[in-house]
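Asks: Next comes the structure file run04.cif, holding mmCIF, C-alpha atoms.
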```cif
data_query
loop_
_atom_site.label_atom_id
_atom_site.label_comp_id
_atom_site.auth_asym_id
_atom_site.auth_seq_id
_atom_site.Cartn_x
_atom_site.Cartn_y
_atom_site.Cartn_z
CA MET A 55 0.00 0.00 0.00
CA SER A 56 1.41 3.34 -1.02
CA ALA A 57 1.06 6.48 1.02
CA ALA A 58 -1.47 7.87 -1.49
CA ASP A 59 -3.82 4.91 -0.93
CA SER A 60 -4.65 6.30 2.48
CA LEU A 61 -6.16 9.36 0.76
CA GLU A 62 -8.93 7.19 -0.75
CA PHE A 63 -8.78 8.79 -4.19
CA THR A 64 -11.63 8.04 -6.58
CA PRO A 65 -10.60 5.43 -9.20
CA GLY A 66 -9.00 6.97 -12.29
CA TYR A 67 -11.73 5.83 -14.69
CA ASP A 68 -14.35 7.76 -12.69
CA MET A 69 -13.99 10.95 -14.70
CA PRO A 70 -16.10 12.54 -17.46
CA VAL A 71 -16.32 10.10 -20.38
CA PRO A 72 -13.94 11.14 -23.20
CA TYR A 73 -16.62 10.99 -25.89
CA MET A 74 -14.62 12.52 -28.71
CA LYS A 75 -11.86 9.95 -28.33
CA ARG A 76 -14.32 7.07 -27.87
CA LEU A 77 -16.33 7.98 -30.96
CA THR A 78 -13.29 8.66 -33.12
CA ASP A 79 -11.73 5.31 -32.15
CA TYR A 80 -15.09 3.56 -32.60
CA TYR A 81 -15.73 4.73 -36.15
CA LEU A 82 -12.12 4.11 -37.15
CA ALA A 83 -12.46 0.56 -35.81
CA LEU A 84 -15.63 0.16 -37.86
CA GLY A 85 -13.66 1.07 -40.95
CA TYR A 86 -14.88 4.61 -41.45
CA GLY A 87 -12.07 7.05 -42.07
CA ASN A 88 -12.66 10.78 -42.17
CA PRO A 89 -13.44 11.13 -38.47
CA TYR A 90 -16.04 13.62 -37.40
CA ARG A 91 -14.69 17.07 -36.74
CA TRP A 92 -16.44 18.52 -33.72
CA ALA A 93 -17.18 22.22 -33.60
CA HIS A 94 -14.39 24.12 -31.91
CA PHE A 95 -13.97 27.82 -31.22
CA ALA A 96 -11.35 29.76 -29.30
CA ASP A 97 -13.75 32.62 -28.60
CA VAL A 98 -17.09 32.30 -26.83
CA PRO A 99 -19.78 35.01 -26.80
CA PHE A 100 -21.23 36.16 -23.49
CA THR A 101 -24.27 38.31 -22.76
CA PRO A 102 -24.63 39.23 -19.08
CA VAL A 103 -27.97 38.48 -17.45
CA THR A 104 -29.29 41.84 -16.31
CA LYS A 105 -32.88 41.10 -15.33
CA PRO A 106 -33.96 39.00 -12.33
CA LEU A 107 -35.11 35.51 -13.31
CA ALA A 108 -38.38 36.18 -11.53
CA GLU A 109 -39.06 38.87 -14.14
CA SER A 110 -37.74 36.96 -17.14
CA ARG A 111 -39.39 34.95 -19.87
CA VAL A 112 -37.58 31.66 -20.32
CA ALA A 113 -37.69 29.30 -23.31
CA LEU A 114 -36.76 25.65 -23.61
CA VAL A 115 -34.81 24.41 -26.62
CA THR A 116 -34.64 20.63 -26.93
CA THR A 117 -33.17 17.94 -29.13
CA ALA A 118 -36.10 15.64 -28.30
CA ALA A 119 -38.32 14.69 -31.23
CA PRO A 120 -42.07 14.63 -31.69
CA HIS A 121 -43.60 11.26 -32.53
CA LYS A 122 -43.19 10.54 -36.23
CA GLU A 123 -45.94 8.48 -37.77
CA GLY A 124 -44.76 5.32 -39.48
CA ALA A 125 -41.16 5.68 -38.29
CA GLY A 126 -41.11 2.66 -36.01
CA ASP A 127 -40.24 2.31 -32.36
CA GLN A 128 -39.54 5.70 -30.76
CA GLY A 129 -40.53 5.06 -27.16
CA PRO A 130 -38.70 3.92 -24.03
CA GLY A 131 -36.00 1.33 -24.75
CA ALA A 132 -36.13 1.85 -28.52
CA PRO A 133 -32.96 1.03 -30.44
CA TYR A 134 -31.30 3.85 -32.36
CA ASN A 135 -33.86 4.97 -34.92
CA ALA A 136 -32.55 7.14 -37.75
CA ALA A 137 -36.01 7.15 -39.35
CA ALA A 138 -37.31 9.19 -36.40
CA LYS A 139 -34.96 12.07 -37.15
CA PHE A 140 -36.35 15.43 -38.19
CA TYR A 141 -34.71 18.04 -40.35
CA GLU A 142 -36.36 21.34 -39.53
CA VAL A 143 -36.88 23.23 -36.28
CA TYR A 144 -40.33 22.57 -34.82
CA VAL A 145 -42.30 24.38 -32.17
CA ASP A 146 -45.09 23.32 -29.87
CA SER A 147 -47.02 24.92 -27.03
CA SER A 148 -45.28 24.89 -23.66
CA ASP A 149 -48.61 23.56 -22.35
CA SER A 150 -48.43 20.52 -24.61
CA HIS A 151 -48.15 17.06 -23.09
CA ALA A 152 -47.51 15.31 -26.39
CA PHE A 153 -44.90 12.57 -26.74
CA ARG A 154 -41.21 13.51 -26.95
CA GLY A 155 -38.56 10.93 -27.72
CA VAL A 156 -34.81 10.50 -28.09
CA SER A 157 -34.71 7.34 -30.21
CA HIS A 158 -33.14 9.42 -33.01
CA VAL A 159 -30.01 10.45 -31.08
CA GLY A 160 -27.02 8.62 -29.65
CA ILE A 161 -28.03 8.19 -26.03
CA ASP A 162 -26.36 5.55 -23.86
CA ARG A 163 -28.68 2.64 -24.57
CA LYS A 164 -27.09 0.32 -22.08
CA TYR A 165 -27.88 2.55 -19.11
CA THR A 166 -30.64 4.85 -20.37
CA THR A 167 -34.13 3.68 -21.34
CA ALA A 168 -35.68 7.15 -21.85
CA GLU A 169 -38.70 5.89 -19.91
CA ASP A 170 -39.12 9.23 -18.11
CA VAL A 171 -39.41 12.17 -20.51
CA ASN A 172 -38.57 14.54 -17.64
CA SER A 173 -35.00 13.22 -17.49
CA PHE A 174 -34.24 14.66 -20.93
CA PHE A 175 -37.03 17.18 -21.54
CA PRO A 176 -37.51 19.43 -18.48
CA LEU A 177 -40.73 21.14 -19.48
CA ARG A 178 -42.60 19.92 -16.40
CA ALA A 179 -39.91 21.30 -14.08
CA MET A 180 -39.92 24.58 -16.02
CA ARG A 181 -43.72 24.86 -15.69
CA GLU A 182 -43.32 24.35 -11.95
CA ALA A 183 -40.60 27.03 -11.83
CA ALA A 184 -42.98 29.46 -13.52
CA ALA A 185 -45.85 28.52 -11.22
CA SER A 186 -43.71 29.04 -8.12
CA GLY A 187 -42.39 32.38 -9.34
CA ARG A 188 -38.76 31.20 -9.63
CA ILE A 189 -38.90 32.46 -13.22
CA GLY A 190 -41.22 35.17 -14.47
CA LYS A 191 -42.83 33.27 -17.29
CA LEU A 192 -42.34 30.25 -19.45
CA ALA A 193 -42.22 31.19 -23.14
CA PRO A 194 -45.49 30.23 -24.87
CA ARG A 195 -43.64 27.80 -27.15
CA PHE A 196 -40.61 25.56 -26.92
CA CYS A 197 -38.34 24.75 -29.86
CA GLY A 198 -37.08 21.38 -31.06
CA THR A 199 -33.84 21.44 -32.99
CA PRO A 200 -32.53 18.84 -35.43
CA THR A 201 -29.38 16.89 -34.54
CA ASN A 202 -27.64 16.28 -37.79
CA ARG A 203 -24.12 16.02 -38.94
CA SER A 204 -23.89 19.19 -41.01
CA GLN A 205 -22.79 22.05 -38.79
CA VAL A 206 -23.28 24.47 -41.69
CA THR A 207 -26.98 23.57 -41.84
CA THR A 208 -27.23 23.84 -38.06
CA ILE A 209 -25.91 27.39 -38.06
CA ASP A 210 -27.33 28.73 -41.32
CA GLN A 211 -30.79 27.27 -40.92
CA ASP A 212 -31.61 25.81 -37.49
CA CYS A 213 -29.96 28.44 -35.26
CA ARG A 214 -31.46 31.19 -37.37
CA ASP A 215 -34.94 29.67 -37.10
CA ILE A 216 -34.70 29.25 -33.31
CA TYR A 217 -33.50 32.83 -32.86
CA ALA A 218 -36.43 34.12 -34.93
CA ILE A 219 -38.92 32.14 -32.82
CA LEU A 220 -37.40 33.31 -29.54
CA GLN A 221 -37.45 36.90 -30.73
CA GLU A 222 -41.06 36.61 -31.78
CA ASP A 223 -41.92 35.24 -28.33
CA GLU A 224 -39.90 38.02 -26.64
CA VAL A 225 -37.76 35.53 -24.76
CA ASP A 226 -35.18 36.81 -22.26
CA LEU A 227 -33.30 33.58 -21.48
CA ALA A 228 -32.87 30.17 -23.11
CA ILE A 229 -32.37 26.74 -21.51
CA LEU A 230 -30.85 24.36 -24.07
CA VAL A 231 -30.97 20.68 -23.28
CA ALA A 232 -28.65 18.44 -25.29
CA ASN A 233 -29.06 14.67 -25.42
CA MET B 44 -26.93 22.48 -29.22
CA SER B 45 -23.68 24.22 -28.33
CA LEU B 46 -23.79 26.03 -31.67
CA THR B 47 -27.31 27.24 -30.87
CA ALA B 48 -26.21 28.58 -27.47
CA ARG B 49 -23.41 30.51 -29.11
CA TYR B 50 -25.71 31.88 -31.83
CA LEU B 51 -28.35 33.11 -29.35
CA GLU B 52 -25.78 34.52 -26.96
CA ALA B 53 -24.06 36.51 -29.70
CA ARG B 54 -27.41 38.08 -30.52
CA GLY B 55 -28.25 39.10 -26.96
CA ILE B 56 -30.14 36.11 -25.52
CA PRO B 57 -28.28 34.64 -22.51
CA SER B 58 -28.31 30.85 -22.52
CA VAL B 59 -27.35 27.82 -20.49
CA VAL B 60 -26.68 24.35 -21.91
CA MET B 61 -27.64 21.29 -19.88
CA GLY B 62 -25.71 18.22 -20.99
CA SER B 63 -23.57 15.19 -20.27
CA ALA B 64 -20.91 15.17 -22.99
CA LYS B 65 -18.50 17.48 -21.19
CA ASP B 66 -15.64 17.24 -23.64
CA ILE B 67 -17.80 17.91 -26.71
CA VAL B 68 -19.58 20.93 -25.22
CA GLU B 69 -16.39 22.47 -23.85
CA HIS B 70 -14.49 21.76 -27.07
CA CYS B 71 -17.09 23.87 -28.88
CA GLY B 72 -17.15 26.51 -26.18
CA VAL B 73 -20.42 27.76 -24.72
CA PRO B 74 -21.28 30.65 -22.43
CA ARG B 75 -22.76 28.56 -19.57
CA PHE B 76 -22.93 24.81 -19.06
CA VAL B 77 -24.49 22.58 -16.40
CA PHE B 78 -22.73 19.24 -16.66
CA SER B 79 -24.44 16.14 -15.28
CA ASP B 80 -21.98 13.25 -15.15
CA PHE B 81 -24.62 10.77 -16.27
CA PRO B 82 -24.99 8.35 -19.20
CA LEU B 83 -26.10 10.25 -22.33
CA GLY B 84 -29.84 10.88 -22.38
CA ASN B 85 -30.35 12.26 -18.86
CA SER B 86 -29.33 15.88 -19.22
CA ALA B 87 -32.31 17.10 -17.20
CA GLY B 88 -31.82 14.81 -14.19
CA LYS B 89 -32.25 11.20 -13.18
CA PRO B 90 -35.28 9.29 -14.50
CA ASN B 91 -38.20 8.89 -12.10
CA ASP B 92 -36.55 11.27 -9.65
CA THR B 93 -38.35 14.62 -9.52
CA ALA B 94 -35.92 15.98 -6.91
CA SER B 95 -32.96 15.31 -9.20
CA GLN B 96 -34.80 16.92 -12.10
CA SER B 97 -35.83 20.06 -10.21
CA ASP B 98 -32.37 20.37 -8.62
CA THR B 99 -30.69 20.14 -12.02
CA LEU B 100 -32.95 22.84 -13.44
CA GLU B 101 -32.35 25.01 -10.37
CA LEU B 102 -28.61 24.64 -10.95
CA ALA B 103 -29.13 25.91 -14.50
CA PHE B 104 -31.03 28.93 -13.14
CA ARG B 105 -28.24 29.62 -10.64
CA VAL B 106 -25.65 29.41 -13.40
CA LEU B 107 -27.64 31.93 -15.45
CA GLU B 108 -27.75 34.24 -12.44
CA THR B 109 -24.13 33.96 -11.35
CA ALA B 110 -21.79 33.00 -14.24
CA PRO B 111 -19.08 35.68 -14.31
CA ALA B 112 -17.80 34.96 -17.83
CA ALA B 113 -18.09 32.68 -20.84
CA ARG B 114 -17.09 29.00 -20.55
CA THR B 115 -18.59 28.72 -17.08
CA THR B 116 -19.10 25.02 -16.41
CA VAL B 117 -20.78 23.87 -13.22
CA GLN B 118 -20.95 20.16 -12.50
CA SER B 119 -24.01 18.75 -10.79
CA PRO B 120 -23.00 17.17 -7.47
CA GLU B 121 -25.11 14.09 -8.27
CA HIS B 122 -23.66 10.68 -9.14
CA TRP B 123 -25.42 8.29 -11.50
CA SER B 124 -24.62 5.31 -9.26
CA VAL B 125 -22.16 4.25 -6.59
CA ASP B 126 -20.41 2.10 -9.19
CA ALA B 127 -18.95 4.28 -11.96
CA SER B 128 -18.11 1.39 -14.29
CA TRP B 129 -20.81 2.56 -16.76
CA LYS B 130 -18.27 5.15 -17.91
CA GLU B 131 -16.05 2.46 -19.38
CA ASP B 132 -18.73 0.92 -21.56
CA PHE B 133 -19.98 3.55 -24.00
CA GLN B 134 -18.72 2.74 -27.52
CA ASN B 135 -15.42 1.57 -26.10
CA VAL B 136 -13.61 -0.47 -28.75
CA ASP B 137 -11.16 -1.72 -26.15
CA LYS B 138 -14.02 -3.76 -24.70
CA MET B 139 -15.39 -5.15 -27.99
CA SER B 140 -14.53 -8.42 -29.68
CA GLU B 141 -13.95 -8.71 -33.45
CA ASP B 142 -17.37 -10.33 -33.79
CA GLU B 143 -19.01 -7.47 -31.95
CA LEU B 144 -17.28 -4.93 -34.20
CA ALA B 145 -18.37 -6.82 -37.32
CA ARG B 146 -21.97 -6.82 -36.12
CA ARG B 147 -21.84 -3.13 -35.35
CA ARG B 148 -20.33 -2.38 -38.76
CA ALA B 149 -23.30 -4.06 -40.44
CA ASP B 150 -25.77 -2.23 -38.18
CA PHE B 151 -24.14 1.09 -38.94
CA ASP B 152 -24.36 0.54 -42.69
CA GLU B 153 -28.09 -0.03 -42.30
CA ILE B 154 -28.55 3.04 -40.08
CA LYS B 155 -26.76 5.22 -42.62
CA ALA B 156 -28.93 3.88 -45.40
CA VAL B 157 -32.13 4.59 -43.45
CA GLY B 158 -30.92 8.08 -42.59
CA GLN B 159 -30.16 8.82 -46.21
CA ARG B 160 -33.61 7.63 -47.34
CA VAL B 161 -35.38 9.75 -44.72
CA ARG B 162 -33.31 12.77 -45.62
CA ASP B 163 -33.87 12.39 -49.32
CA ASP B 164 -37.60 12.02 -48.78
CA ALA B 165 -37.73 15.11 -46.58
CA HIS B 166 -35.33 17.27 -48.55
CA PRO B 167 -34.70 16.11 -52.11
CA ASP B 168 -32.70 19.33 -52.56
CA ARG B 169 -30.41 18.75 -49.59
CA ARG B 170 -28.43 15.64 -50.37
CA ASP B 171 -25.33 16.82 -48.58
CA GLY B 172 -24.00 13.42 -47.67
CA THR B 173 -24.11 14.03 -43.92
CA SER B 174 -25.78 11.94 -41.27
#
```
What's the structure tokens form of this structure?

Replies:
Amino acid sequence: MSAADSLEFTPGYDMPVPYMKRLTDYYLALGYGNPYRWAHFADVPFTPVTKPLAESRVALVTTAAPHKEGAGDQGPGAPYNAAAKFYEVYVDSSDSHAFRGVSHVGIDRKYTTAEDVNSFFPLRAMREAAASGRIGKLAPRFCGTPTNRSQVTTIDQDCRDIYAILQEDEVDLAILVAN
Amino acid sequence: MSLTARYLEARGIPSVVMGSAKDIVEHCGVPRFVFSDFPLGNSAGKPNDTASQSDTLELAFRVLETAPAARTTVQSPEHWSVDASWKEDFQNVDKMSEDELARRRADFDEIKAVGQRVRDDAHPDRRDGTS
């Protein structure tokens, strides 16, 4: 036993999963060259929050998908389902209780069943925050954004569409939930 | 989603990203980030655990209120489980046999084909070869 053992350090593997390395190695092992190039910027914009949350209108932006008719299994425990993908920003009422799924994205299917929509789509918690006065108001609509490989399309089309919707709804702050 | 945060922020709408792929989000660079060290697909808290879900959202609110500068990452204090071995499993080729890789290669070919069909049906004008 070394002296450091007495400090009871957490095991080395218990650190944030190195997804970029895992995925790069995975696709190379599958025989696909041309590894994905993740977005990377040295500079990051920042807009200070100047208004109290209790007076702010807050919008949810999600990667979760609406149910797509005829696209197969999209519910809890579904295998990866590329047919359930969508390719344009959608909106729905923040009062809606319609189905939202994540069968179309690369969640961890060994440990995540997506059986509870609230674990990846926090609209219920946001409604409660509005009801309790923690935030001023929930925006009338939330936005769903596509999750596709083309970053050019994401910026030129999807980001632009979401910004236009948030402006129209006079949103002060945005909560963006990736999955 | 990181690109969206950056786009909105640059145009005057403060944002916070909730997510679990820490390296990918930070590699892009976002204004504010609440990191939950959970398997992908639980960015808003643990399933069937309303306290975890409301605490995670509250952390996002606090990060909006208090972040002093861009690239502020705050990690949720929650752990997915006592045993952290789940972190070693996700798409880890070091743990896959040749048979497993061959099976996954075939599955991936099919997924790509489905994706291409859906995309072509939805956007005949946008055959950009991406997935």

Asks: Leaving out range 75-87 of chain A and any residue of its chain fewer than 3 positions from it, which residues lie within 6 Å of it when counting only C-alpha atoms, given as a ChimeraX atom specification?

Replies: /A:72 /B:135-136,148

Asks: Give me the residues within 6 Å of Ala87 in chain B as an MDAnalysis selection string, counting only C-alpha atoms and dropping any in the same chain fewer than 3 places off.

Replies: (chainID A and resid 173:174 176) or (chainID B and resid 96)

Asks: Within 9 Å of Gln128 in chain A, counting only C-alpha atoms, which residues qualify if same-chain residues fewer than 2 places away don't, as a list of chain:residue names?

Replies: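 Here the answer would be A:His121, A:Lys122, A:Ala125, A:Gly126, A:Pro130, A:Gly131, A:Ala132, A:Pro133, A:Tyr134, A:Asn135, A:Ala138, A:Arg154, A:Gly155, A:Val156, A:Ser157, A:His158.
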
Asks: With all atoms listed in the file as the counted atoms, please give the residues lying no more than 10 Å from Gly72 in chain B, apart from itself and same-chain residues fewer than 5 positions off, as a CSV table (one decimal) with C-alpha atoms, keeping the file's coordinate frame.

Replies:
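Once written, result-v2.csv looks like this:
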```
chain,number,residue,atom,x,y,z
A,93,ALA,CA,-17.2,22.2,-33.6
A,94,HIS,CA,-14.4,24.1,-31.9
A,95,PHE,CA,-14.0,27.8,-31.2
A,96,ALA,CA,-11.4,29.8,-29.3
A,97,ASP,CA,-13.8,32.6,-28.6
A,98,VAL,CA,-17.1,32.3,-26.8
A,99,PRO,CA,-19.8,35.0,-26.8
B,45,SER,CA,-23.7,24.2,-28.3
B,46,LEU,CA,-23.8,26.0,-31.7
B,48,ALA,CA,-26.2,28.6,-27.5
B,49,ARG,CA,-23.4,30.5,-29.1
B,66,ASP,CA,-15.6,17.2,-23.6
B,67,ILE,CA,-17.8,17.9,-26.7
B,113,ALA,CA,-18.1,32.7,-20.8
B,114,ARG,CA,-17.1,29.0,-20.6
B,115,THR,CA,-18.6,28.7,-17.1
```

Asks: Show me the residues around (-30.8, 20.8, -24.1) - criterion: an atom at most 8 Å away, all atoms listed in the file counted - as a tab-separated table (two decimals) with C-alpha atoms, keeping the file's coordinate frame.

Replies:
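Written output follows (result-v4.tsv):
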```tsv
chain	number	residue	atom	x	y	z
A	114	LEU	CA	-36.76	25.65	-23.61
A	115	VAL	CA	-34.81	24.41	-26.62
A	116	THR	CA	-34.64	20.63	-26.93
A	117	THR	CA	-33.17	17.94	-29.13
A	174	PHE	CA	-34.24	14.66	-20.93
A	175	PHE	CA	-37.03	17.18	-21.54
A	229	ILE	CA	-32.37	26.74	-21.51
A	230	LEU	CA	-30.85	24.36	-24.07
A	231	VAL	CA	-30.97	20.68	-23.28
A	232	ALA	CA	-28.65	18.44	-25.29
A	233	ASN	CA	-29.06	14.67	-25.42
B	44	MET	CA	-26.93	22.48	-29.22
B	60	VAL	CA	-26.68	24.35	-21.91
B	61	MET	CA	-27.64	21.29	-19.88
B	62	GLY	CA	-25.71	18.22	-20.99
B	86	SER	CA	-29.33	15.88	-19.22
B	87	ALA	CA	-32.31	17.10	-17.20
```

Asks: Around all the atoms of range 73-89 of chain A listed in the file, draw an axis-aligned box and extend it by 5 Å on each of the six sides; I want its centre and edge lengths in Å to one decimal, as JSON.

Replies:
```
{"center_x": -14.2, "center_y": 6.3, "center_z": -34.0, "size_x": 14.9, "size_y": 22.4, "size_z": 26.3}
```

Asks: Could you give me, as a list in words, the residues within 10 Å of Asp92 in chain B, counting all atoms listed in the file and dropping anything in the same chain fewer than 3 positions from it?

Replies: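 Contacts, with the query itself left out: Asp170, Asn172 and Ser173 of chain A; Gly88, Lys89, Ser95, Gln96 and Ser97 of chain B.
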
Asks: With C-alpha atoms retained, could you export that selection as a PDB file, in the coordinates of the input?

Replies:
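The resulting file, part-v8.pdb, is reproduced below:
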```pdb
ATOM      1  CA  ASP A 170     -39.120   9.230 -18.110  1.00  0.00           C
ATOM      2  CA  ASN A 172     -38.570  14.540 -17.640  1.00  0.00           C
ATOM      3  CA  SER A 173     -35.000  13.220 -17.490  1.00  0.00           C
TER       4      SER A 173
ATOM      5  CA  GLY B  88     -31.820  14.810 -14.190  1.00  0.00           C
ATOM      6  CA  LYS B  89     -32.250  11.200 -13.180  1.00  0.00           C
ATOM      7  CA  SER B  95     -32.960  15.310  -9.200  1.00  0.00           C
ATOM      8  CA  GLN B  96     -34.800  16.920 -12.100  1.00  0.00           C
ATOM      9  CA  SER B  97     -35.830  20.060 -10.210  1.00  0.00           C
TER      10      SER B  97
END
```

Asks: Give me, please, the distance in Å between CA of Ser147 in chain A and CA of Tyr50 in chain B, quoted to one decimal.

Replies: 22.9 Å

Asks: With distances taken over only C-alpha atoms, which residue among B:Val161, B:Val106, B:Ala149, B:Ala156 lies nearest chain A?

Replies: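 Under the stated criterion, the closest residue is B:Val161.
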
Asks: Expand the PyMOL selection byres ((chain B and resi 122) around 10) into the explicit residue set it covers here, and present it as a PDB file with C-alpha atoms, keeping the file's coordinate frame.

Replies:
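Output contents, as saved in selection_36.pdb:
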```pdb
ATOM      1  CA  SER B  79     -24.440  16.140 -15.280  1.00  0.00           C
ATOM      2  CA  ASP B  80     -21.980  13.250 -15.150  1.00  0.00           C
ATOM      3  CA  PHE B  81     -24.620  10.770 -16.270  1.00  0.00           C
ATOM      4  CA  LYS B  89     -32.250  11.200 -13.180  1.00  0.00           C
ATOM      5  CA  SER B 119     -24.010  18.750 -10.790  1.00  0.00           C
ATOM      6  CA  PRO B 120     -23.000  17.170  -7.470  1.00  0.00           C
ATOM      7  CA  GLU B 121     -25.110  14.090  -8.270  1.00  0.00           C
ATOM      8  CA  TRP B 123     -25.420   8.290 -11.500  1.00  0.00           C
ATOM      9  CA  SER B 124     -24.620   5.310  -9.260  1.00  0.00           C
ATOM     10  CA  VAL B 125     -22.160   4.250  -6.590  1.00  0.00           C
ATOM     11  CA  ASP B 126     -20.410   2.100  -9.190  1.00  0.00           C
ATOM     12  CA  ALA B 127     -18.950   4.280 -11.960  1.00  0.00           C
TER      13      ALA B 127
END
```

Asks: Between B:Val117, B:Asp164, B:Val157, B:Ser140, single out the one closest to chain A, counting only C-alpha atoms.

Replies: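 Of all the options, B:Val157 lies closest to chain A.
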
Asks: Any chance you could work out the residue set of the PyMOL selection byres ((chain A and resi 197) around 6) here, as a list in words?

Replies: Val115, Tyr144, Val145, Phe196 and Gly198 of chain A

Asks: Could you state the separation of CA of Val143 in chain A and CA of Gln205 in chain A in Å, given to one decimal place?

Replies: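 Separation between CA of Val143 in chain A and CA of Gln205 in chain A: 14.4 Å.
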
Asks: I need the output of the PyMOL selection byres ((chain A and resi 223) around 9) for this file as a PDB file with C-alpha atoms, keeping the file's coordinate frame; which residues are they?

Replies:
```pdb
ATOM      1  CA  ARG A 111     -39.390  34.950 -19.870  1.00  0.00           C
ATOM      2  CA  ALA A 113     -37.690  29.300 -23.310  1.00  0.00           C
ATOM      3  CA  ALA A 193     -42.220  31.190 -23.140  1.00  0.00           C
ATOM      4  CA  PRO A 194     -45.490  30.230 -24.870  1.00  0.00           C
ATOM      5  CA  ARG A 195     -43.640  27.800 -27.150  1.00  0.00           C
ATOM      6  CA  ALA A 218     -36.430  34.120 -34.930  1.00  0.00           C
ATOM      7  CA  ILE A 219     -38.920  32.140 -32.820  1.00  0.00           C
ATOM      8  CA  LEU A 220     -37.400  33.310 -29.540  1.00  0.00           C
ATOM      9  CA  GLN A 221     -37.450  36.900 -30.730  1.00  0.00           C
ATOM     10  CA  GLU A 222     -41.060  36.610 -31.780  1.00  0.00           C
ATOM     11  CA  GLU A 224     -39.900  38.020 -26.640  1.00  0.00           C
ATOM     12  CA  VAL A 225     -37.760  35.530 -24.760  1.00  0.00           C
TER      13      VAL A 225
END
```

Asks: To one decimal place in Å, what is the distance between CA of Asp98 in chain B and CA of Ala184 in chain A?

Replies: 14.8 Å

Asks: Closest to chain B among A:Asp162, A:Asp212, A:Glu62, A:Glu123, using all atoms listed in the file?

Replies: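 Of all the options, A:Asp162 lies closest to chain B.
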
Asks: Looking at A:Ala228, A:Tyr141, A:Ser60, A:Pro102, which one is nearest to Lys191 in chain A, with distances taken over all atoms listed in the file?

Replies: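 Ranked by minimum distance to Lys191 in chain A, first place goes to A:Ala228.
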